Amino acid sequence: MSATHQPSPLAKLEQKTIYEIIVKGKRIDDRGPSDYRQLTLTLGTVEKANGSAQVYLGKTKVLAGVKVQTGTPFPDTPNEGILTVNAEFVPLAYPTFETGPPDENSIELARVVDRGIRESKAIDLQKLCIDPGKKVFVVFVDVYILDHDGNLIDAAGMAALGALVNAKMQEWELKGGEVRYKDSKIPLPMLNYPVPITTVKVGNSLIVDPCLEEEQVMSCRLTVTTGKDDDVCAMQKGGLGTFTPEEIKQIVSSSIQKSRDLRTKIGSKVN
Amino acid sequence: MPFKGAYIPRLDDIVLGRVTDIGMSGWQVDICSPYPAMLPASETPMHRGRDTVRQDLRTIYGVGDLMIAQVIAFDRTRDPLLTTKGRGLGKVSSGLVARIPPTKIPRMIGKKGSMITMLKKETGTDIVPGQNGVVLVTGRDPDQERVAVEAIYMIEREAHTTGLTDRVKAMITERMKGTKIGQ
Amino acid sequence: MDGRRLDELRPLKLEVGVLDKADGSAYIEHGRNKILAAVFGPREAHPKHIALADRAVVRCRYHMAPFSTDERKSPAPSRREQELSKVIRESLEPSIMSEYYPRSTIDLFIEVLQADAGTRCAGITSASLALADAGIPLRELVAGCAAGKIDGRVVLDLSDIEDKKGDADLPIAYMPKSNAIGLLQMDGSLTEDELKQALDMGVGACRTIYEMQKDALRRKYHVEHDEAEKEEIAEVKA
């Protein structure tokens, strides 16, 4: 069952302070409404994984790892490899994160990141088919939240993308019904590079990349994930507030633009 | 502002707390401690020994309200008890809040109050340090308040260094130039 | 695909107050969707520690019956059901004036008996009526509908077959008086223009469904009113 979350640990006075700053068009860390915090992307930090990426977005820290293994395809898609995304809200990332099975927030995050990758066809799953109906490659994307200072979805989405781009798998061929691995390594077959952009509403102000305090005073958030051709592939509204249809359209426009900017930024760090 | 470092209550400490619940005869207050504190209605100046009903209590402090209180009882077998009877104690309705680890509060106050006196004088604000790491800054101008809060976080970051008082003073002077109050 | 116009809703039927033991309930048939929603509350919070001091905790469970889909679905809650429980709660909670009932819980249960795409939207439509039926103070009713894209064209209210073949799915929940969208998700591929088109279509459909919700409430209370009148007349005659 989903239940109303516990209230923010900030006093009403503190929430009011943050709220008033944002409503006046500024932010508590002097950013503009459409500015992202400092973004650091490091690839390949976990050599044992097929691919990995570490994202520092302001003080938020997320690590994503990709493992590629063999498995059986789903009955309704016998010619396609499998993508599976999981997120772990590690207890050391925030005082109230607990051990145990994923809670609704981590499930939501994993599914939103998954949709971004899957619907944009970021990975060419057909190229991961080994033996139709019998054997395919399974791409496991595991997102590890290490430090929560807001906007986990965007940080996770970018880390997942970085890890996929960084991933290398053993070059393979099908010989006599068996998979034979060659010595060389090849990258994952990628077709698109989806980037999620999250905007939150505080009063009537819309700001991107919320830090933790901004998330604690927001009424709601909208994540828009866009691919390289300005194709919107996933959207998710969250929080107890509401948006007007006009606000949604505004956010979609600016998110498509921002996604392009961040993709260029990530691209330059990758190359 | 994150909660960093737990506060263990001590008798007579001045603390800043946030109301988390209203009970039959008082309020539960979060003082950044593993032990939730209680402020009994009988320990507020408004109370005159009347029969307080929960309805009345909400008009004094609601959930989420901030207060300056004093610890009047605590031993490790019972949760701490607070009072707001006393000068300077009571509800906080304006100002900026800074949260630092309780262990850094002595550094912020300084030897014989040297650091905090300097902060108040240079920024023209009143500063109430809660022993539990929550600090209230009130000034006539929000810019002054912001400079004071910046100074407090600077002290938190560089608490272990020497010559801190002078560097903080220099930072404040620089910042104040940009405000309406000026030199 | 089923002969409808691009912007035509599937057939929709609503009924309020269908269950005996729940405080409020409603049943919806939308296309081949058959969904039951029920509300218990406000009631005492169990366990006590989940209660909030200044308002009610709203709890929501979206669940699909094992026989509701083509392939039998395991009764254990799936990740999808957990995500949907959250987004559905976030679409209905804004309409509930939960400050009226501190320290209590308001529990919402949505059971999908037969699924035909658009279940979360239909679930929201019926749950909103169930809340009204339970007498819980609401700012407004919430109506839900999905838009999408199939064969390159933006259409309204995809059925299951259309959804599987479609290029995009955009579920929406909307409150017309407040002009407020409480649920918005999207998966697939849409250009900015297509998205705006689909959004407008979905919002328009929600307005239509909202009128049907009000109608369903009127019908129920009219019936009760009529029966109460009949009883009075009978008593007077006796």
# chains A, B, ... in the order shown; residues from 1 in each chain; ligands from 1
$ residues_around --residues "Asn50 in chain A" --least-positions-apart "5" --cutoff "7 Å" --atoms "only C-alpha atoms" --output "count of residues only"
6
$ residues_around --residues "Gln144 in chain B" --least-positions-apart "4" --cutoff "12 Å" --atoms "only C-alpha atoms" --output "ChimeraX atom specification"
/B:95-96,119-127,137-140,148-151,172-173,175-183
$ write_last_selection --atoms "C-alpha atoms" --output "short mmCIF file (atom, residue, chain, number, x, y, z; two decimals), in the first residue's frame"
data_model
loop_
_atom_site.label_atom_id
_atom_site.label_comp_id
_atom_site.auth_asym_id
_atom_site.auth_seq_id
_atom_site.Cartn_x
_atom_site.Cartn_y
_atom_site.Cartn_z
CA GLY B 95 14.53 35.19 11.31
CA LEU B 96 16.85 32.71 9.63
CA LEU B 119 29.34 38.26 14.64
CA LYS B 120 26.51 40.20 16.25
CA LYS B 121 28.37 43.50 16.09
CA GLU B 122 29.64 43.19 12.53
CA THR B 123 26.35 42.00 11.04
CA GLY B 124 24.05 44.01 13.28
CA THR B 125 21.98 40.97 14.13
CA ASP B 126 20.90 39.17 17.25
CA ILE B 127 22.08 35.54 17.38
CA VAL B 137 19.59 34.88 13.52
CA THR B 138 17.31 37.93 13.61
CA GLY B 139 18.07 41.30 12.12
CA ARG B 140 16.15 44.25 10.77
CA ALA B 148 25.44 36.16 9.58
CA VAL B 149 24.25 32.70 8.48
CA GLU B 150 27.04 32.53 5.92
CA ALA B 151 29.51 33.38 8.67
CA ILE B 172 31.54 39.79 6.82
CA THR B 173 32.98 43.23 6.09
CA ARG B 175 29.73 40.98 2.23
CA MET B 176 28.21 43.85 4.16
CA LYS B 177 29.60 46.30 1.59
CA GLY B 178 27.21 44.82 -0.93
CA THR B 179 24.19 45.27 1.32
CA LYS B 180 22.01 48.30 1.92
CA ILE B 181 23.49 48.71 5.38
CA GLY B 182 26.93 49.20 3.83
CA GLN B 183 30.17 49.97 5.62
#
$ interface_residues --of "chain C" --to "chain A" --cutoff "6 Å" --atoms "only C-alpha atoms" --output "VMD selection string"
chain C and resid 57 to 61 83 85 to 86 90 94 179 to 182 184 to 191
$ write_last_selection --atoms "N, CA and C atoms" --output "short mmCIF file (atom, residue, chain, number, x, y, z; two decimals), in the first residue's frame"
data_model
loop_
_atom_site.label_atom_id
_atom_site.label_comp_id
_atom_site.auth_asym_id
_atom_site.auth_seq_id
_atom_site.Cartn_x
_atom_site.Cartn_y
_atom_site.Cartn_z
N VAL C 57 -3.66 10.35 7.19
CA VAL C 57 -2.76 9.64 6.28
C VAL C 57 -3.66 8.98 5.24
N VAL C 58 -3.37 9.23 3.97
CA VAL C 58 -4.16 8.60 2.92
C VAL C 58 -3.37 7.39 2.44
N ARG C 59 -4.00 6.23 2.44
CA ARG C 59 -3.32 5.04 1.96
C ARG C 59 -4.08 4.50 0.76
N CYS C 60 -3.32 4.01 -0.19
CA CYS C 60 -3.95 3.58 -1.45
C CYS C 60 -3.34 2.28 -1.92
N ARG C 61 -4.17 1.36 -2.34
CA ARG C 61 -3.67 0.11 -2.88
C ARG C 61 -4.33 -0.18 -4.23
N GLU C 83 4.19 1.01 -7.93
CA GLU C 83 4.34 2.34 -8.52
C GLU C 83 2.97 2.97 -8.76
N SER C 85 0.16 2.35 -7.22
CA SER C 85 -0.47 2.73 -5.96
C SER C 85 0.00 4.11 -5.55
N LYS C 86 1.29 4.37 -5.76
CA LYS C 86 1.84 5.68 -5.37
C LYS C 86 1.29 6.79 -6.25
N GLU C 90 -1.16 9.95 -5.25
CA GLU C 90 -0.74 11.34 -5.47
C GLU C 90 -1.70 12.10 -6.37
N PRO C 94 -4.53 15.20 -3.43
CA PRO C 94 -4.75 16.65 -3.53
C PRO C 94 -6.22 17.05 -3.44
N ASN C 179 -8.64 23.25 -12.68
CA ASN C 179 -7.73 23.13 -13.82
C ASN C 179 -6.41 22.49 -13.37
N ALA C 180 -6.52 21.40 -12.64
CA ALA C 180 -5.33 20.81 -12.04
C ALA C 180 -5.13 19.35 -12.47
N ILE C 181 -3.90 19.07 -12.93
CA ILE C 181 -3.55 17.70 -13.31
C ILE C 181 -2.87 17.04 -12.13
N GLY C 182 -3.42 15.94 -11.64
CA GLY C 182 -2.87 15.26 -10.47
C GLY C 182 -2.05 14.04 -10.81
N LEU C 184 0.16 12.39 -14.19
CA LEU C 184 0.62 12.51 -15.58
C LEU C 184 1.82 11.61 -15.75
N GLN C 185 1.67 10.64 -16.65
CA GLN C 185 2.80 9.78 -16.96
C GLN C 185 2.83 9.62 -18.47
N MET C 186 3.97 9.20 -18.96
CA MET C 186 4.04 8.97 -20.39
C MET C 186 5.12 7.95 -20.66
N ASP C 187 4.84 7.04 -21.60
CA ASP C 187 5.91 6.20 -22.09
C ASP C 187 5.68 5.99 -23.58
N GLY C 188 6.77 5.89 -24.34
CA GLY C 188 6.65 5.75 -25.79
C GLY C 188 7.51 6.79 -26.47
N SER C 189 7.02 7.34 -27.55
CA SER C 189 7.79 8.34 -28.27
C SER C 189 6.84 9.37 -28.86
N LEU C 190 6.99 10.62 -28.41
CA LEU C 190 6.12 11.69 -28.92
C LEU C 190 6.97 12.92 -29.19
N THR C 191 6.62 13.66 -30.24
CA THR C 191 7.26 14.96 -30.43
C THR C 191 6.56 15.94 -29.50
#
$ residues_around --residues "Lys134 in chain A" --least-positions-apart "4" --cutoff "9 Å" --atoms "only C-alpha atoms" --output "count of residues only"
6
$ residues_around --residues "Val141 in chain A" --least-positions-apart "3" --cutoff "12 Å" --atoms "only C-alpha atoms" --output "PyMOL selection string"
chain A and resi 49-53+63-69+82-88+110-111+113-114+117-118+123+138+144+156-157+159-165+167
$ write_last_selection --atoms "C-alpha atoms" --output "short mmCIF file (atom, residue, chain, number, x, y, z; two decimals), in the first residue's frame"
data_model
loop_
_atom_site.label_atom_id
_atom_site.label_comp_id
_atom_site.auth_asym_id
_atom_site.auth_seq_id
_atom_site.Cartn_x
_atom_site.Cartn_y
_atom_site.Cartn_z
CA ALA A 49 31.28 -4.34 -13.86
CA ASN A 50 30.80 -4.35 -17.63
CA GLY A 51 30.20 -0.64 -17.34
CA SER A 52 29.90 1.89 -14.57
CA ALA A 53 29.42 5.60 -14.04
CA LEU A 63 26.71 5.19 -8.84
CA ALA A 64 25.34 3.00 -11.62
CA GLY A 65 26.72 -0.35 -12.70
CA VAL A 66 25.94 -2.45 -15.76
CA LYS A 67 26.35 -6.21 -15.87
CA VAL A 68 25.72 -8.21 -19.03
CA GLN A 69 24.87 -11.88 -18.69
CA ILE A 82 16.42 -8.04 -21.99
CA LEU A 83 16.88 -4.80 -20.09
CA THR A 84 16.26 -4.66 -16.36
CA VAL A 85 16.75 -1.62 -14.14
CA ASN A 86 16.91 -1.71 -10.37
CA ALA A 87 17.54 1.05 -7.86
CA GLU A 88 18.86 0.78 -4.35
CA ALA A 110 13.94 2.52 -11.19
CA ARG A 111 10.87 2.33 -13.41
CA VAL A 113 14.86 5.44 -15.49
CA ASP A 114 13.92 2.13 -17.14
CA ILE A 117 16.10 3.83 -21.65
CA ARG A 118 13.54 1.36 -22.97
CA ILE A 123 19.91 -0.11 -26.43
CA VAL A 138 20.40 -9.60 -20.31
CA TYR A 144 23.07 2.83 -6.30
CA ALA A 156 20.28 8.21 -11.58
CA GLY A 157 19.20 8.58 -15.21
CA ALA A 159 24.52 7.63 -14.20
CA ALA A 160 22.63 4.79 -15.91
CA LEU A 161 23.25 6.35 -19.31
CA GLY A 162 26.93 6.85 -18.51
CA ALA A 163 27.27 3.26 -17.37
CA LEU A 164 25.63 1.96 -20.56
CA VAL A 165 27.86 4.10 -22.75
CA ALA A 167 29.90 -0.72 -20.89
#
$ closest_atom_pairs --of "chain A" --to "chain B" --cutoff "10 Å" --atoms "only C-alpha atoms" --output "tab-separated table"
residue	atom	partner	partner_atom	distance
A:Pro7	CA	B:Gly64	CA	9.3
A:Ser8	CA	B:Gly64	CA	9.2
A:Pro9	CA	B:Arg18	CA	8.6
A:Leu10	CA	B:Gly64	CA	7.6
A:Ala11	CA	B:Gly64	CA	4.9
A:Lys12	CA	B:Gly64	CA	5.0
A:Leu13	CA	B:Ser93	CA	6.9
A:Glu14	CA	B:Val97	CA	6.5
A:Gln15	CA	B:Gly64	CA	9.5
A:Lys16	CA	B:Ser94	CA	9.7
A:Thr17	CA	B:Leu96	CA	7.3
A:Ile18	CA	B:Leu96	CA	9.9
A:Tyr94	CA	B:Pro2	CA	9.6
A:Pro95	CA	B:Phe3	CA	8.9
A:Asp149	CA	B:Pro2	CA	9.4
A:Leu212	CA	B:Met1	CA	8.7
A:Glu213	CA	B:Met1	CA	7.2
$ closest_residue --among "C:Ala198, C:Ile28, C:Leu108, C:Leu9" --to "Gly148 in chain C" --atoms "only C-alpha atoms"
C:Ala198
$ select_by_dssp --residues "range 150-182 of chain A" --states "alpha helix (DSSP H)" --output "PyMOL selection string"
chain A and resi 152-166
$ write_last_selection --atoms "N, CA and C atoms" --output "short mmCIF file (atom, residue, chain, number, x, y, z; two decimals), in the first residue's frame"
data_model
loop_
_atom_site.label_atom_id
_atom_site.label_comp_id
_atom_site.auth_asym_id
_atom_site.auth_seq_id
_atom_site.Cartn_x
_atom_site.Cartn_y
_atom_site.Cartn_z
N LEU A 152 17.20 12.81 -7.29
CA LEU A 152 17.81 11.50 -7.49
C LEU A 152 17.50 10.96 -8.88
N ILE A 153 16.32 11.28 -9.41
CA ILE A 153 15.92 10.72 -10.70
C ILE A 153 16.89 11.15 -11.80
N ASP A 154 17.16 12.46 -11.88
CA ASP A 154 18.04 12.92 -12.95
C ASP A 154 19.45 12.36 -12.78
N ALA A 155 19.95 12.40 -11.54
CA ALA A 155 21.30 11.87 -11.30
C ALA A 155 21.35 10.39 -11.67
N ALA A 156 20.31 9.65 -11.29
CA ALA A 156 20.28 8.21 -11.58
C ALA A 156 20.20 7.96 -13.09
N GLY A 157 19.36 8.74 -13.76
CA GLY A 157 19.20 8.58 -15.21
C GLY A 157 20.51 8.83 -15.93
N MET A 158 21.22 9.87 -15.49
CA MET A 158 22.49 10.19 -16.15
C MET A 158 23.55 9.15 -15.82
N ALA A 159 23.55 8.66 -14.58
CA ALA A 159 24.52 7.63 -14.20
C ALA A 159 24.25 6.36 -15.00
N ALA A 160 22.98 6.00 -15.14
CA ALA A 160 22.63 4.79 -15.91
C ALA A 160 23.09 4.94 -17.35
N LEU A 161 22.84 6.10 -17.92
CA LEU A 161 23.25 6.35 -19.31
C LEU A 161 24.76 6.25 -19.44
N GLY A 162 25.47 6.89 -18.49
CA GLY A 162 26.93 6.85 -18.51
C GLY A 162 27.44 5.42 -18.42
N ALA A 163 26.82 4.63 -17.54
CA ALA A 163 27.27 3.26 -17.37
C ALA A 163 27.04 2.44 -18.64
N LEU A 164 25.92 2.70 -19.32
CA LEU A 164 25.63 1.96 -20.56
C LEU A 164 26.63 2.34 -21.65
N VAL A 165 26.92 3.64 -21.73
CA VAL A 165 27.86 4.10 -22.75
C VAL A 165 29.26 3.55 -22.47
N ASN A 166 29.58 3.44 -21.19
CA ASN A 166 30.90 2.96 -20.77
C ASN A 166 31.04 1.44 -20.92
#
$ closest_atom_pairs --of "chain C" --to "chain B" --cutoff "10 Å" --atoms "only C-alpha atoms" --output "JSON lines"
{"residue": "C:Leu52", "atom": "CA", "partner": "B:Asp21", "partner_atom": "CA", "distance": 8.3}
{"residue": "C:Ala53", "atom": "CA", "partner": "B:Asp21", "partner_atom": "CA", "distance": 5.5}
{"residue": "C:Asp54", "atom": "CA", "partner": "B:Val63", "partner_atom": "CA", "distance": 7.0}
$ residues_around --residues "Ile14 in chain B" --least-positions-apart "4" --cutoff "9 Å" --atoms "only C-alpha atoms" --output "list in words"
Ile68, Ala69, Gln70, Val71, Leu89, Val128, Pro129, Gly130, Gln131 and Asn132 of chain B
$ residues_around --residues "Glu214 in chain A" --least-positions-apart "5" --cutoff "9 Å" --atoms "only C-alpha atoms" --output "number ranges by chain"
A: 15, 18-19, 22, 27-28, 150, 200, 202
$ write_last_selection --atoms "C-alpha atoms" --output "short mmCIF file (atom, residue, chain, number, x, y, z; two decimals), in the first residue's frame"
data_model
loop_
_atom_site.label_atom_id
_atom_site.label_comp_id
_atom_site.auth_asym_id
_atom_site.auth_seq_id
_atom_site.Cartn_x
_atom_site.Cartn_y
_atom_site.Cartn_z
CA GLN A 15 10.26 26.08 4.92
CA ILE A 18 13.14 28.71 1.31
CA TYR A 19 9.68 29.10 -0.23
CA ILE A 22 12.15 30.71 -4.65
CA ARG A 27 17.22 29.99 -5.08
CA ILE A 28 18.92 29.20 -1.79
CA GLY A 150 17.78 16.02 -4.09
CA VAL A 200 9.56 21.12 -9.43
CA VAL A 202 7.17 25.81 -5.54
#
$ select_by_dssp --residues "range 122-184 of chain C" --states "strand (DSSP E)" --output "ChimeraX atom specification"
/C:143-150,153-156,168-175,180-184
$ write_last_selection --atoms "C-alpha atoms" --output "mmCIF file, in the first residue's frame"
data_model
loop_
_atom_site.group_PDB
_atom_site.id
_atom_site.type_symbol
_atom_site.label_atom_id
_atom_site.label_comp_id
_atom_site.auth_asym_id
_atom_site.auth_seq_id
_atom_site.Cartn_x
_atom_site.Cartn_y
_atom_site.Cartn_z
ATOM 1 C CA ALA C 143 -11.441 12.157 -13.450
ATOM 2 C CA GLY C 144 -8.914 10.010 -15.288
ATOM 3 C CA CYS C 145 -8.330 9.161 -18.937
ATOM 4 C CA ALA C 146 -5.413 8.215 -21.162
ATOM 5 C CA ALA C 147 -4.423 9.500 -24.578
ATOM 6 C CA GLY C 148 -1.829 7.954 -26.849
ATOM 7 C CA LYS C 149 -0.425 7.473 -30.305
ATOM 8 C CA ILE C 150 -1.037 4.641 -32.712
ATOM 9 C CA ARG C 153 -1.743 9.492 -35.030
ATOM 10 C CA VAL C 154 -2.636 10.934 -31.644
ATOM 11 C CA VAL C 155 -5.728 9.189 -30.285
ATOM 12 C CA LEU C 156 -7.792 9.023 -27.134
ATOM 13 C CA ALA C 168 2.839 6.092 -26.879
ATOM 14 C CA ASP C 169 0.625 6.064 -23.792
ATOM 15 C CA LEU C 170 -0.223 9.166 -21.746
ATOM 16 C CA PRO C 171 -2.400 8.552 -18.661
ATOM 17 C CA ILE C 172 -3.844 11.702 -17.077
ATOM 18 C CA ALA C 173 -5.972 12.536 -14.040
ATOM 19 C CA TYR C 174 -7.598 15.988 -13.965
ATOM 20 C CA MET C 175 -9.798 18.230 -11.794
ATOM 21 C CA ALA C 180 -5.326 20.806 -12.040
ATOM 22 C CA ILE C 181 -3.548 17.697 -13.310
ATOM 23 C CA GLY C 182 -2.873 15.261 -10.467
ATOM 24 C CA LEU C 183 -1.509 12.332 -12.467
ATOM 25 C CA LEU C 184 0.618 12.514 -15.575
#
$ atom_distance --atom1 "CA of Ser104 in chain C" --atom2 "CA of Arg55 in chain C"
7.4 Å
$ closest_residue --among "A:Val217, A:Phe74, A:Gly133, A:Lys269" --to "Ile21 in chain A" --atoms "only C-alpha atoms"
A:Val217
